[in-house]
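Novice: Below is a structure I'd like to ask you about.
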Amino acid sequence: MGWTIDDAVSNRTLRDAKIFLSEVAFRLGDLSPKIRVRLFRYPGDREVYFEQSHFVKIPDQTTSGEALLKSDKDEAYALTHAVEALTHPYEAALAEGREPSDSWLMPNDDY
């Protein structure tokens with residue numbers, strides 16, 4: 001059997017290893033900043049996780065910009081969870097008649 005990526009990062013001296021799968025970049029509606037979403041998995045785990053470069057935080061809005069699920073079994077579904085966490089509050093704010101503002105995007109300091 002051949003050597004795998006998981007084998008390569010299995011050394012017990014390594015900590016917090018993540019295996020990068022892909023990254024997607026886009027702009028949200030009329031907002032200027034480019035948002036990036038990274039998909040990754042942990043060694044030995046087939047679940048696909050995501051982290052996003054920005055969060056949506058709209059003042060006085062009850063719709064949360066927090067993803068309900070932070071992972072899924074498939075890259076496309078994991079990415080869908082990240083996108084919905086961004087688009088749902090944005091679209092709700094527009095439906096309330098608000099004008100889009102770049103201040104709605106909060107950088108993720110851990111990205």
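By order in the structure tokens, chains are A, B, ...; within a chain, residues start at 1; ligands start at 1, following the order shown.
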Got a sec to tell me which of chain A DSSP assigns to helix (DSSP H, G or I), as a list in words?
Specialist: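 The residues of chain A classed as helix (DSSP H, G or I) are Ile5, Asp6, Asp7, Ala8, Glu75, Ala76, Tyr77, Ala78, Leu79, Thr80, His81, Ala82, Val83, Glu84, Ala85, Leu86, Thr87, His88, Pro89, Tyr90, Glu91, Ala92, Ala93, Leu94, Ala95, Asp102, Ser103 and Trp104 of chain A.
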Novice: For the selection you just gave me, I'd like the residues written to a file as a PDB file, in the first residue's frame, keeping N, CA and C atoms.
Specialist:
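Result file selection18.pdb:
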ATOM      1  N   ILE A   5      -1.363  11.069   2.442  1.00  0.00           N
ATOM      2  CA  ILE A   5      -1.231  12.382   3.087  1.00  0.00           C
ATOM      3  C   ILE A   5      -1.396  12.229   4.597  1.00  0.00           C
ATOM      4  N   ASP A   6      -2.379  11.442   5.019  1.00  0.00           N
ATOM      5  CA  ASP A   6      -2.591  11.219   6.450  1.00  0.00           C
ATOM      6  C   ASP A   6      -1.349  10.622   7.104  1.00  0.00           C
ATOM      7  N   ASP A   7      -0.695   9.672   6.408  1.00  0.00           N
ATOM      8  CA  ASP A   7       0.531   9.076   6.931  1.00  0.00           C
ATOM      9  C   ASP A   7       1.623  10.142   7.094  1.00  0.00           C
ATOM     10  N   ALA A   8       1.708  11.034   6.124  1.00  0.00           N
ATOM     11  CA  ALA A   8       2.753  12.055   6.134  1.00  0.00           C
ATOM     12  C   ALA A   8       2.633  13.010   7.315  1.00  0.00           C
ATOM     13  N   GLU A  75     -17.517  17.933   0.028  1.00  0.00           N
ATOM     14  CA  GLU A  75     -17.025  19.304  -0.144  1.00  0.00           C
ATOM     15  C   GLU A  75     -18.128  20.269  -0.556  1.00  0.00           C
ATOM     16  N   ALA A  76     -18.963  19.857  -1.506  1.00  0.00           N
ATOM     17  CA  ALA A  76     -20.018  20.746  -2.001  1.00  0.00           C
ATOM     18  C   ALA A  76     -21.009  21.102  -0.899  1.00  0.00           C
ATOM     19  N   TYR A  77     -21.370  20.135  -0.074  1.00  0.00           N
ATOM     20  CA  TYR A  77     -22.309  20.424   1.005  1.00  0.00           C
ATOM     21  C   TYR A  77     -21.668  21.295   2.082  1.00  0.00           C
ATOM     22  N   ALA A  78     -20.411  21.049   2.405  1.00  0.00           N
ATOM     23  CA  ALA A  78     -19.723  21.890   3.386  1.00  0.00           C
ATOM     24  C   ALA A  78     -19.654  23.327   2.885  1.00  0.00           C
ATOM     25  N   LEU A  79     -19.337  23.499   1.603  1.00  0.00           N
ATOM     26  CA  LEU A  79     -19.291  24.839   1.024  1.00  0.00           C
ATOM     27  C   LEU A  79     -20.672  25.484   1.054  1.00  0.00           C
ATOM     28  N   THR A  80     -21.709  24.712   0.794  1.00  0.00           N
ATOM     29  CA  THR A  80     -23.075  25.231   0.842  1.00  0.00           C
ATOM     30  C   THR A  80     -23.408  25.784   2.227  1.00  0.00           C
ATOM     31  N   HIS A  81     -22.984  25.102   3.282  1.00  0.00           N
ATOM     32  CA  HIS A  81     -23.235  25.593   4.645  1.00  0.00           C
ATOM     33  C   HIS A  81     -22.551  26.947   4.868  1.00  0.00           C
ATOM     34  N   ALA A  82     -21.329  27.085   4.378  1.00  0.00           N
ATOM     35  CA  ALA A  82     -20.605  28.346   4.528  1.00  0.00           C
ATOM     36  C   ALA A  82     -21.291  29.457   3.747  1.00  0.00           C
ATOM     37  N   VAL A  83     -21.686  29.174   2.511  1.00  0.00           N
ATOM     38  CA  VAL A  83     -22.335  30.182   1.663  1.00  0.00           C
ATOM     39  C   VAL A  83     -23.664  30.612   2.273  1.00  0.00           C
ATOM     40  N   GLU A  84     -24.447  29.669   2.763  1.00  0.00           N
ATOM     41  CA  GLU A  84     -25.744  30.016   3.366  1.00  0.00           C
ATOM     42  C   GLU A  84     -25.579  30.882   4.611  1.00  0.00           C
ATOM     43  N   ALA A  85     -24.519  30.651   5.381  1.00  0.00           N
ATOM     44  CA  ALA A  85     -24.274  31.478   6.570  1.00  0.00           C
ATOM     45  C   ALA A  85     -24.006  32.930   6.184  1.00  0.00           C
ATOM     46  N   LEU A  86     -23.540  33.148   4.968  1.00  0.00           N
ATOM     47  CA  LEU A  86     -23.271  34.504   4.474  1.00  0.00           C
ATOM     48  C   LEU A  86     -24.488  35.094   3.751  1.00  0.00           C
ATOM     49  N   THR A  87     -25.114  34.299   2.912  1.00  0.00           N
ATOM     50  CA  THR A  87     -26.194  34.829   2.080  1.00  0.00           C
ATOM     51  C   THR A  87     -27.501  35.037   2.841  1.00  0.00           C
ATOM     52  N   HIS A  88     -27.828  34.174   3.785  1.00  0.00           N
ATOM     53  CA  HIS A  88     -29.109  34.313   4.486  1.00  0.00           C
ATOM     54  C   HIS A  88     -29.259  35.648   5.226  1.00  0.00           C
ATOM     55  N   PRO A  89     -28.299  36.042   6.062  1.00  0.00           N
ATOM     56  CA  PRO A  89     -28.455  37.340   6.734  1.00  0.00           C
ATOM     57  C   PRO A  89     -28.385  38.511   5.750  1.00  0.00           C
ATOM     58  N   TYR A  90     -27.557  38.397   4.722  1.00  0.00           N
ATOM     59  CA  TYR A  90     -27.451  39.463   3.713  1.00  0.00           C
ATOM     60  C   TYR A  90     -28.797  39.655   3.017  1.00  0.00           C
ATOM     61  N   GLU A  91     -29.377  38.568   2.550  1.00  0.00           N
ATOM     62  CA  GLU A  91     -30.661  38.647   1.852  1.00  0.00           C
ATOM     63  C   GLU A  91     -31.783  39.101   2.782  1.00  0.00           C
ATOM     64  N   ALA A  92     -31.736  38.690   4.046  1.00  0.00           N
ATOM     65  CA  ALA A  92     -32.742  39.132   5.016  1.00  0.00           C
ATOM     66  C   ALA A  92     -32.651  40.647   5.231  1.00  0.00           C
ATOM     67  N   ALA A  93     -31.436  41.171   5.303  1.00  0.00           N
ATOM     68  CA  ALA A  93     -31.252  42.616   5.475  1.00  0.00           C
ATOM     69  C   ALA A  93     -31.795  43.376   4.267  1.00  0.00           C
ATOM     70  N   LEU A  94     -31.542  42.873   3.072  1.00  0.00           N
ATOM     71  CA  LEU A  94     -32.088  43.518   1.871  1.00  0.00           C
ATOM     72  C   LEU A  94     -33.608  43.476   1.881  1.00  0.00           C
ATOM     73  N   ALA A  95     -34.176  42.360   2.313  1.00  0.00           N
ATOM     74  CA  ALA A  95     -35.637  42.227   2.383  1.00  0.00           C
ATOM     75  C   ALA A  95     -36.239  43.209   3.391  1.00  0.00           C
ATOM     76  N   ASP A 102     -20.335  47.607   3.468  1.00  0.00           N
ATOM     77  CA  ASP A 102     -19.152  46.776   3.696  1.00  0.00           C
ATOM     78  C   ASP A 102     -18.918  46.512   5.182  1.00  0.00           C
ATOM     79  N   SER A 103     -19.474  47.361   6.043  1.00  0.00           N
ATOM     80  CA  SER A 103     -19.307  47.175   7.488  1.00  0.00           C
ATOM     81  C   SER A 103     -20.040  45.918   7.980  1.00  0.00           C
ATOM     82  N   TRP A 104     -20.884  45.339   7.147  1.00  0.00           N
ATOM     83  CA  TRP A 104     -21.571  44.099   7.516  1.00  0.00           C
ATOM     84  C   TRP A 104     -20.619  42.913   7.558  1.00  0.00           C
TER      85      TRP A 104
END
Novice: Identify all residues of region 19-74 of chain A in strand (DSSP E) (DSSP on the backbone) and supply them as a PyMOL selection string.
Specialist: chain A and resi 19-27+34-41+48-52+54-56+71-72
Novice: How would the residues just chosen look if you wrote them out with N, CA and C atoms as a JSON list (two decimals), in the first residue's frame?
Specialist:
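As written to disk, part25.json reads:
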[["chain", "number", "residue", "atom", "x", "y", "z"],
["A", 19, "ILE", "N", -5.65, 19.22, 6.55],
["A", 19, "ILE", "CA", -5.34, 18.90, 5.17],
["A", 19, "ILE", "C", -6.23, 19.75, 4.27],
["A", 20, "PHE", "N", -5.60, 20.68, 3.57],
["A", 20, "PHE", "CA", -6.29, 21.62, 2.70],
["A", 20, "PHE", "C", -6.87, 20.88, 1.49],
["A", 21, "LEU", "N", -8.14, 21.14, 1.20],
["A", 21, "LEU", "CA", -8.79, 20.52, 0.04],
["A", 21, "LEU", "C", -9.00, 21.52, -1.09],
["A", 22, "SER", "N", -9.57, 22.68, -0.76],
["A", 22, "SER", "CA", -9.80, 23.70, -1.79],
["A", 22, "SER", "C", -10.16, 25.02, -1.14],
["A", 23, "GLU", "N", -10.15, 26.06, -1.97],
["A", 23, "GLU", "CA", -10.56, 27.39, -1.53],
["A", 23, "GLU", "C", -11.41, 28.01, -2.62],
["A", 24, "VAL", "N", -12.45, 28.71, -2.21],
["A", 24, "VAL", "CA", -13.35, 29.41, -3.12],
["A", 24, "VAL", "C", -13.37, 30.87, -2.70],
["A", 25, "ALA", "N", -13.35, 31.78, -3.69],
["A", 25, "ALA", "CA", -13.39, 33.21, -3.40],
["A", 25, "ALA", "C", -14.55, 33.84, -4.16],
["A", 26, "PHE", "N", -15.22, 34.82, -3.54],
["A", 26, "PHE", "CA", -16.34, 35.50, -4.17],
["A", 26, "PHE", "C", -16.64, 36.79, -3.42],
["A", 27, "ARG", "N", -17.47, 37.62, -4.01],
["A", 27, "ARG", "CA", -17.99, 38.82, -3.34],
["A", 27, "ARG", "C", -19.46, 38.56, -3.04],
["A", 34, "LYS", "N", -13.57, 40.82, -0.90],
["A", 34, "LYS", "CA", -13.62, 39.45, -1.41],
["A", 34, "LYS", "C", -13.61, 38.51, -0.21],
["A", 35, "ILE", "N", -14.51, 37.55, -0.23],
["A", 35, "ILE", "CA", -14.64, 36.55, 0.83],
["A", 35, "ILE", "C", -14.02, 35.26, 0.32],
["A", 36, "ARG", "N", -13.32, 34.57, 1.21],
["A", 36, "ARG", "CA", -12.73, 33.29, 0.86],
["A", 36, "ARG", "C", -13.24, 32.22, 1.83],
["A", 37, "VAL", "N", -13.48, 31.05, 1.29],
["A", 37, "VAL", "CA", -13.88, 29.91, 2.11],
["A", 37, "VAL", "C", -12.90, 28.78, 1.82],
["A", 38, "ARG", "N", -12.26, 28.27, 2.87],
["A", 38, "ARG", "CA", -11.34, 27.14, 2.74],
["A", 38, "ARG", "C", -12.03, 25.87, 3.20],
["A", 39, "LEU", "N", -11.83, 24.81, 2.45],
["A", 39, "LEU", "CA", -12.33, 23.50, 2.83],
["A", 39, "LEU", "C", -11.14, 22.63, 3.20],
["A", 40, "PHE", "N", -11.28, 21.89, 4.29],
["A", 40, "PHE", "CA", -10.17, 21.06, 4.76],
["A", 40, "PHE", "C", -10.73, 19.88, 5.54],
["A", 41, "ARG", "N", -9.86, 18.96, 5.84],
["A", 41, "ARG", "CA", -10.21, 17.85, 6.72],
["A", 41, "ARG", "C", -9.04, 17.63, 7.67],
["A", 48, "VAL", "N", -15.59, 16.93, 5.94],
["A", 48, "VAL", "CA", -15.04, 18.13, 5.33],
["A", 48, "VAL", "C", -15.49, 19.34, 6.15],
["A", 49, "TYR", "N", -14.54, 20.14, 6.62],
["A", 49, "TYR", "CA", -14.81, 21.32, 7.43],
["A", 49, "TYR", "C", -14.53, 22.57, 6.60],
["A", 50, "PHE", "N", -15.03, 23.70, 7.06],
["A", 50, "PHE", "CA", -14.74, 24.94, 6.36],
["A", 50, "PHE", "C", -14.40, 26.03, 7.35],
["A", 51, "GLU", "N", -13.67, 27.01, 6.85],
["A", 51, "GLU", "CA", -13.44, 28.25, 7.59],
["A", 51, "GLU", "C", -13.57, 29.37, 6.58],
["A", 52, "GLN", "N", -14.14, 30.46, 7.02],
["A", 52, "GLN", "CA", -14.40, 31.57, 6.12],
["A", 52, "GLN", "C", -13.62, 32.81, 6.55],
["A", 54, "HIS", "N", -14.52, 35.91, 6.36],
["A", 54, "HIS", "CA", -15.38, 36.95, 6.94],
["A", 54, "HIS", "C", -16.67, 36.32, 7.48],
["A", 55, "PHE", "N", -17.26, 37.01, 8.42],
["A", 55, "PHE", "CA", -18.58, 36.68, 8.93],
["A", 55, "PHE", "C", -19.50, 37.85, 8.62],
["A", 56, "VAL", "N", -20.79, 37.60, 8.49],
["A", 56, "VAL", "CA", -21.76, 38.66, 8.30],
["A", 56, "VAL", "C", -22.31, 39.04, 9.66],
["A", 71, "SER", "N", -19.45, 21.48, 9.07],
["A", 71, "SER", "CA", -18.83, 20.44, 8.26],
["A", 71, "SER", "C", -19.91, 19.61, 7.59],
["A", 72, "ASP", "N", -19.46, 18.74, 6.70],
["A", 72, "ASP", "CA", -20.35, 17.79, 6.05],
["A", 72, "ASP", "C", -19.50, 16.67, 5.47]]
Novice: If you measure from CA of Ser53 (chain A) to CA of Ala67 (chain A), what distance in Å do you get, rounded to one decimal?
Specialist: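 CA of Ser53 (chain A) sits 13.3 Å away from CA of Ala67 (chain A).
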Novice: For Ser101 (chain A), find every residue with an atom within 12 Å (counting only C-alpha atoms), except residues of its own chain fewer than 3 positions away, and show them as number ranges by chain.
Specialist: A: 28-33, 56-59, 90, 93-94, 98, 104-106
Novice: Rounded to one decimal place, report the CA of Asp74 (chain A)-CA of Glu47 (chain A) distance in Å.
Specialist: 7.2 Å
Novice: Please indicate the distance in Å from CA of Glu99 (chain A) to CA of Leu69 (chain A), rounded to one decimal place.
Specialist: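 Atom-to-atom, CA of Glu99 (chain A) and CA of Leu69 (chain A) are spaced 28.2 Å apart.
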